Amino acid sequence: MDAGRLARSAAPQMPRCPSPRRDVLVLKPRPRHEQARAFLCHFDQTSFILASPSSFTATTGQRRRRSSAAKNPPSLNLHDGSEVRGRLGTTTGASGGPSGDALPAIPGTPANFEMSSRSPSPHPGGWSSPGLTTPYDTGGRNSPMRGFPNGASHNVTWASAQAKSAEVKGYTAFNPRNQGFFGKHFRRISTSLPFSYAEKEKLGRGRQQGNKAMQFLNRTGRTLWRLRKSLGVVLFFVLSIILFYVTPLHRLWRRSSFLGGGNKYVIILAANQGGGVMEWKGPREWAIERDSVKNKKRYTKKWGYDLEIVDMSTKKRYAHEWRESWEKVDTIRNAMRKYPHAEWFWWLDTNTFIMEPSYSLQSHIFNQLKHITYRDINYYNPLNISHPLTEAYLDPETRSLNGDGKADSINLIVPQDCGGFNLGSFFVRRSQWTDRLLDIWWDPVGYEQKHMEWEHKEQDALEYMYMNQPWIRSHVAFIHQRKVNSFPPGACGEKGDDPKIHYQEKDRDFLVNMAGCEWGRDCWAEMYNYRQLSNHLNRTPWEKFKDWISDSFKHMRESNKKDEKSKEKKKEGNK
Amino acid sequence: MPPRKTSRPPPYAARNSKSIPIPIPPALRNLLIRDKARLIVICILGFLSILWLWKRSGGASGLEPSGIVGSRAPVVIVTVIDPRANAAWVAKIMKNREDYAKKHGYATFFPSNTDYSLNNSPPSWAKVPALRHAMTLHPTSGFFWYLDHTALIVNPSISLQSHILSPSRLEKLMIANEPVVPPDSVIKTFGNLKGDRIDLIVTQDKEGLCQNSFIIRRGEWAKYFLDVWFDPIYRSYNFQKAEAHALEHIVQWHGTILAKLALVPQNLINAYTKGPASAKNGKYKDGDLIAAFPGCDKDKFTCADDMQPFFDVLAGNAQSGNA
């Protein structure tokens with residue numbers, strides 16, 4: 001049975017595929033007609049119509065077939081091209097070459113062959129050409145099709161539908177081209193651009209064109225595109241970091257108790273000192289206060305702390321009463337009530353200025369509390385307090401030099417200046433101990449006996465309690481004054497050269513306390529100078545760069561002037 | 001040309017189930033096997049979080065170094081002895097405390113009022129450092145009962161703990177909203193205190209707070225209270241009744257002290273046989289724990305004579321108890 005007969009006999013009774021079981025009977029190697037039948041069956045099942053042998057090899061059906069046939073090595077030997085063509089010719093109807101059998105050219109296309117629209121089957125009268133048909137699109141038929149897919153009774157073509165919708169829309173479908181600016185000039189513009197796709201197409205045929213820079217740009221662009229995933233991740237991170245700091249998100253982070261912990265700290269700023277009934281405040285005092293408040297506001301905002309500005313004006317309530325200047329105690333208590341989640345409260349006087357806003361309290365002090373504070377007052381003891389206590393009835397912890405030595409037991413952090421404790425800037429922790437201290441700090445009996453003696457009021461009272469009430473000692477820690485409370489020259493010595501007390505620019509001290517500036521010194525000048533210095537020290541790199549330029553210009557100009565002067569002098573000397 | 005791909009693919013490798021001996025659900029095992037990097041990251045994170053937890057919990061070991069409070073004598077009875085007094089009577093007083101302490105497993109402490117430097121203030125101040133001293137010497141005891149030498153334990157069968165100290169009992173006994181200094185002090189005892197938060201148990205006679213019998217609980221608050229009470233300013237201030245008025249002063253002026261104070265009926269720990277007893281519940285009657293003789297040590301030293309009948313009764317009881 002040769003291929004031609006096979007085709008003829010197989011065509012009417014398709015599908016008649018050999019089942020694998022029947023194949024079993026056929027011994028390897030299969031005869032050729034068997035292979036061919038398998039192909040035909042396959043075409044039928046996948047309903048692919050092949051126009052030419054070249055497209056035949058590219059069909060998916062064939063590919064699949066081949067892969068399955070790979071197990072059966074001798075089966076796929078379609079070497080005889082003419083034979084194949086002949087066999088194909090029976091299905092497509094295009095007689096491809098001289099076949100052995102005299103087959104009628106295009107006789108019976110089997111009725112059960114589905115036709116795809118891409119390669120319409122020819123009518124007996126020949127190929128219909130789509131461009132030359134009547135407006136009534138019959139899909140290449142002369143006779144009207146029976147059921148329309150749209151179910152329309154009339155023949156609707158694209159043109160007729162367009163005309164109809166134009167009636168409805170009120171304007172015609174006719175749209176003259178090249179009417180707008182771009183329509184008129186698009187080509188000119190596009191050709192005058194530095195890069196031209198048209199040229200490239202013409203000359204380069206898709207290969208690289210243009211100068212080196214363009215090539216380089218192209219290459220980088222392509223590399224970037226290839227690395228888009230990893231680059232995207234990096235870009236995402238960079239963007240999110242920028243967003244973190246640009247938006248208030250970083251403040252939220254710093255403030256939250258479990259991330260930054262900023263809400264554990266409250267700054268209590270005494271303001272309006274001397275206001276109220278005394279009323280000696282002038283414009284300078286107001287300016288000082290404004291600067292001081294602004295400084296602390298920025299600092300607390302930056303690090304997510306809370307700022308409590310307290311009106312310390314002398315009130316009538318206190319003016320003729322004992323407790324003036326012990327309001328500090330009431331104030332701290334109020335702040336503790338107002339900020340129930342805060343742990344540490346930092347008292348600051350008005351005449352203070354935070355020189356280094358980039359220091360957070362955590363990194364500057366509280367993360368290393370044990371190491372930067374000292375409990376043994378003998379380390380620096382301007383008051384000559386005897387420490388530790390030696391009374392035998394006291395418990396060992398109270399008698400020890402360092403209390404229990406743990407950072408957790410520190411409830412009060414006080415700096416010492418040349419005259420003893422300094423309460424211009426000190427820290428107090430919320431605890432029962434603190435509650436007791438604040439309660440006992442002011443006592444009428446103590447006040448009655450000592451208020452003439454206690455020049456610094458609550459500060460002296462604290463010193464007195466530290467000396468005489470043993471329970472206080474084991475919970476008080478001292479901090480080096482310059483950590484939180486540097487003095488300007490004029491306080492504790494005119495020269496300002498005490499390395500324990502006075503502000504040092506090169507060490508970038510945290511805070512300046514212009515203590516006692518109201519007694520014969522110029523508070524406003526000091527505040528102004530330190531503010532300027534702080535701004536200068538904390539310039540951004542960009543500002544530093546600008547300053548460097550202007551400074552170098554100034555320097556050049558000055559040196560030029562000097563040169564001219566010296567020349568003039570020389571001339572004069574010559575004369 | 002690259003080498004030809006073999007047309008006979010190797011059969012699927014059998015799953016090696018021996019690699020993980022622990023039975024793990026297949027989904028989890030897939031997760032673990034599939035992504036080694038993920039596994040490593042998870043391990044590291046887990047390790048770090050364990051470290052973090054460990055570090056957090058490690059800081060809070062709040063045990064007193066000297067032992068657990070209450071592991072030995074739960075109560076220490078403190079009586080300051082006046083070395084100028086009749087030695088025989090002092091011995092009797094001490095024996096009275098010791099008998100009671102032995103019966104209930106308490107401890108006693110008898111310092112002399114010359115042991116502490118008082119800087120010329122009245123010797124009655126010695127009770128304050130004496131209590132602090134007792135706390136130092138008995139670091140595991142929870143309660144310290146200061147009992148003046150003018151008082152006698154006359155009903156040793158009453159246990160202090162069940163009688164007063166248990167929080168629920170104390171809560172019932174506390175007198176709320178009572179003026180601290182009778183009859184009409186503006187400062188009144190708090191009404192919403194809990195029994196287990198009390199650190200100082202005192203009584204009140206007709207004139208004010210009694211300081212000849214009171215109980216204090218050890219702790220930071222006790223140190224604070226005693227140190228404040230013992231402040232040199234108060235000692236030198238010439239309060240009319242020295243430490244008694246100082247106590248009334250600090251109780252009335254400082255809320256942190258008043259908040260830890262429980263006022264209990266006087267006859268519980270301080271029933272007066274004579275003197276200014278509280279009108280409601282101050283008078284001594286049979287069966288009370290304490291018989292107090294306030295002022296017996298003042299100008300004429302009458303304590304020994306006053307206490308004699310009670311000593312006799314106690315001796316008789318002891319004999320009958322022994323027999």
# chains A, B, ... in the order shown; residues from 1 in each chain; ligands from 1
call {"tool": "interface_residues", "arguments": {"of": "chain A", "to": "chain B", "cutoff": "12 Å", "atoms": "only C-alpha atoms", "output": "PyMOL selection string"}}
result
chain A and resi 67-73+390-399+404+406-409+431-450+461+464-475
call {"tool": "residues_around", "arguments": {"residues": "Leu193 (chain B)", "least_positions_apart": "3", "cutoff": "12 Å", "atoms": "only C-alpha atoms", "output": "PyMOL selection string"}}
result
chain B and resi 167-168+170-177+189-190+196-199+258-263
call {"tool": "closest_residue", "arguments": {"among": "A:Arg255, A:Arg298, A:Lys567, A:Lys338", "to": "Pro357 (chain A)", "atoms": "only C-alpha atoms"}}
result
A:Arg298
call {"tool": "residues_around", "arguments": {"residues": "Asn267 (chain B)", "least_positions_apart": "5", "cutoff": "8 Å", "atoms": "only C-alpha atoms", "output": "PDB file with N, CA and C atoms, in the first residue's frame"}}
result
ATOM      1  N   TYR B 272      -3.614  50.886 127.556  1.00  0.00           N
ATOM      2  CA  TYR B 272      -3.085  51.642 128.690  1.00  0.00           C
ATOM      3  C   TYR B 272      -3.740  51.154 129.981  1.00  0.00           C
ATOM      4  N   ASN B 281     -11.175  52.759 122.779  1.00  0.00           N
ATOM      5  CA  ASN B 281     -10.657  51.399 122.899  1.00  0.00           C
ATOM      6  C   ASN B 281      -9.257  51.363 123.507  1.00  0.00           C
ATOM      7  N   GLY B 282      -8.939  52.347 124.333  1.00  0.00           N
ATOM      8  CA  GLY B 282      -7.568  52.424 124.821  1.00  0.00           C
ATOM      9  C   GLY B 282      -7.333  51.734 126.151  1.00  0.00           C
ATOM     10  N   LYS B 283      -8.396  51.571 126.928  1.00  0.00           N
ATOM     11  CA  LYS B 283      -8.216  51.052 128.296  1.00  0.00           C
ATOM     12  C   LYS B 283      -7.835  49.579 128.274  1.00  0.00           C
ATOM     13  N   TYR B 284      -6.949  49.215 129.228  1.00  0.00           N
ATOM     14  CA  TYR B 284      -6.561  47.823 129.333  1.00  0.00           C
ATOM     15  C   TYR B 284      -7.684  47.015 129.946  1.00  0.00           C
ATOM     16  N   ASP B 288      -5.999  41.415 126.890  1.00  0.00           N
ATOM     17  CA  ASP B 288      -5.253  42.206 125.913  1.00  0.00           C
ATOM     18  C   ASP B 288      -3.813  41.732 125.852  1.00  0.00           C
ATOM     19  N   LEU B 289      -3.220  41.928 124.675  1.00  0.00           N
ATOM     20  CA  LEU B 289      -1.837  41.479 124.451  1.00  0.00           C
ATOM     21  C   LEU B 289      -0.868  42.253 125.340  1.00  0.00           C
ATOM     22  N   ILE B 290      -1.091  43.552 125.411  1.00  0.00           N
ATOM     23  CA  ILE B 290      -0.125  44.456 126.035  1.00  0.00           C
ATOM     24  C   ILE B 290      -0.791  45.198 127.186  1.00  0.00           C
TER      25      ILE B 290
END
call {"tool": "select_by_dssp", "arguments": {"residues": "region 11-251 of chain B", "states": "alpha helix (DSSP H)", "output": "PyMOL selection string"}}
result
chain B and resi 26-34+36-58+87-104+127-137+160+167-173+220-229+232-235+243-251
call {"tool": "select_by_dssp", "arguments": {"residues": "region 381-508 of chain A", "states": "strand (DSSP E or B)", "output": "number ranges by chain"}}
result
A: 412-417, 420-421, 425-429, 476-479, 486-487, 502
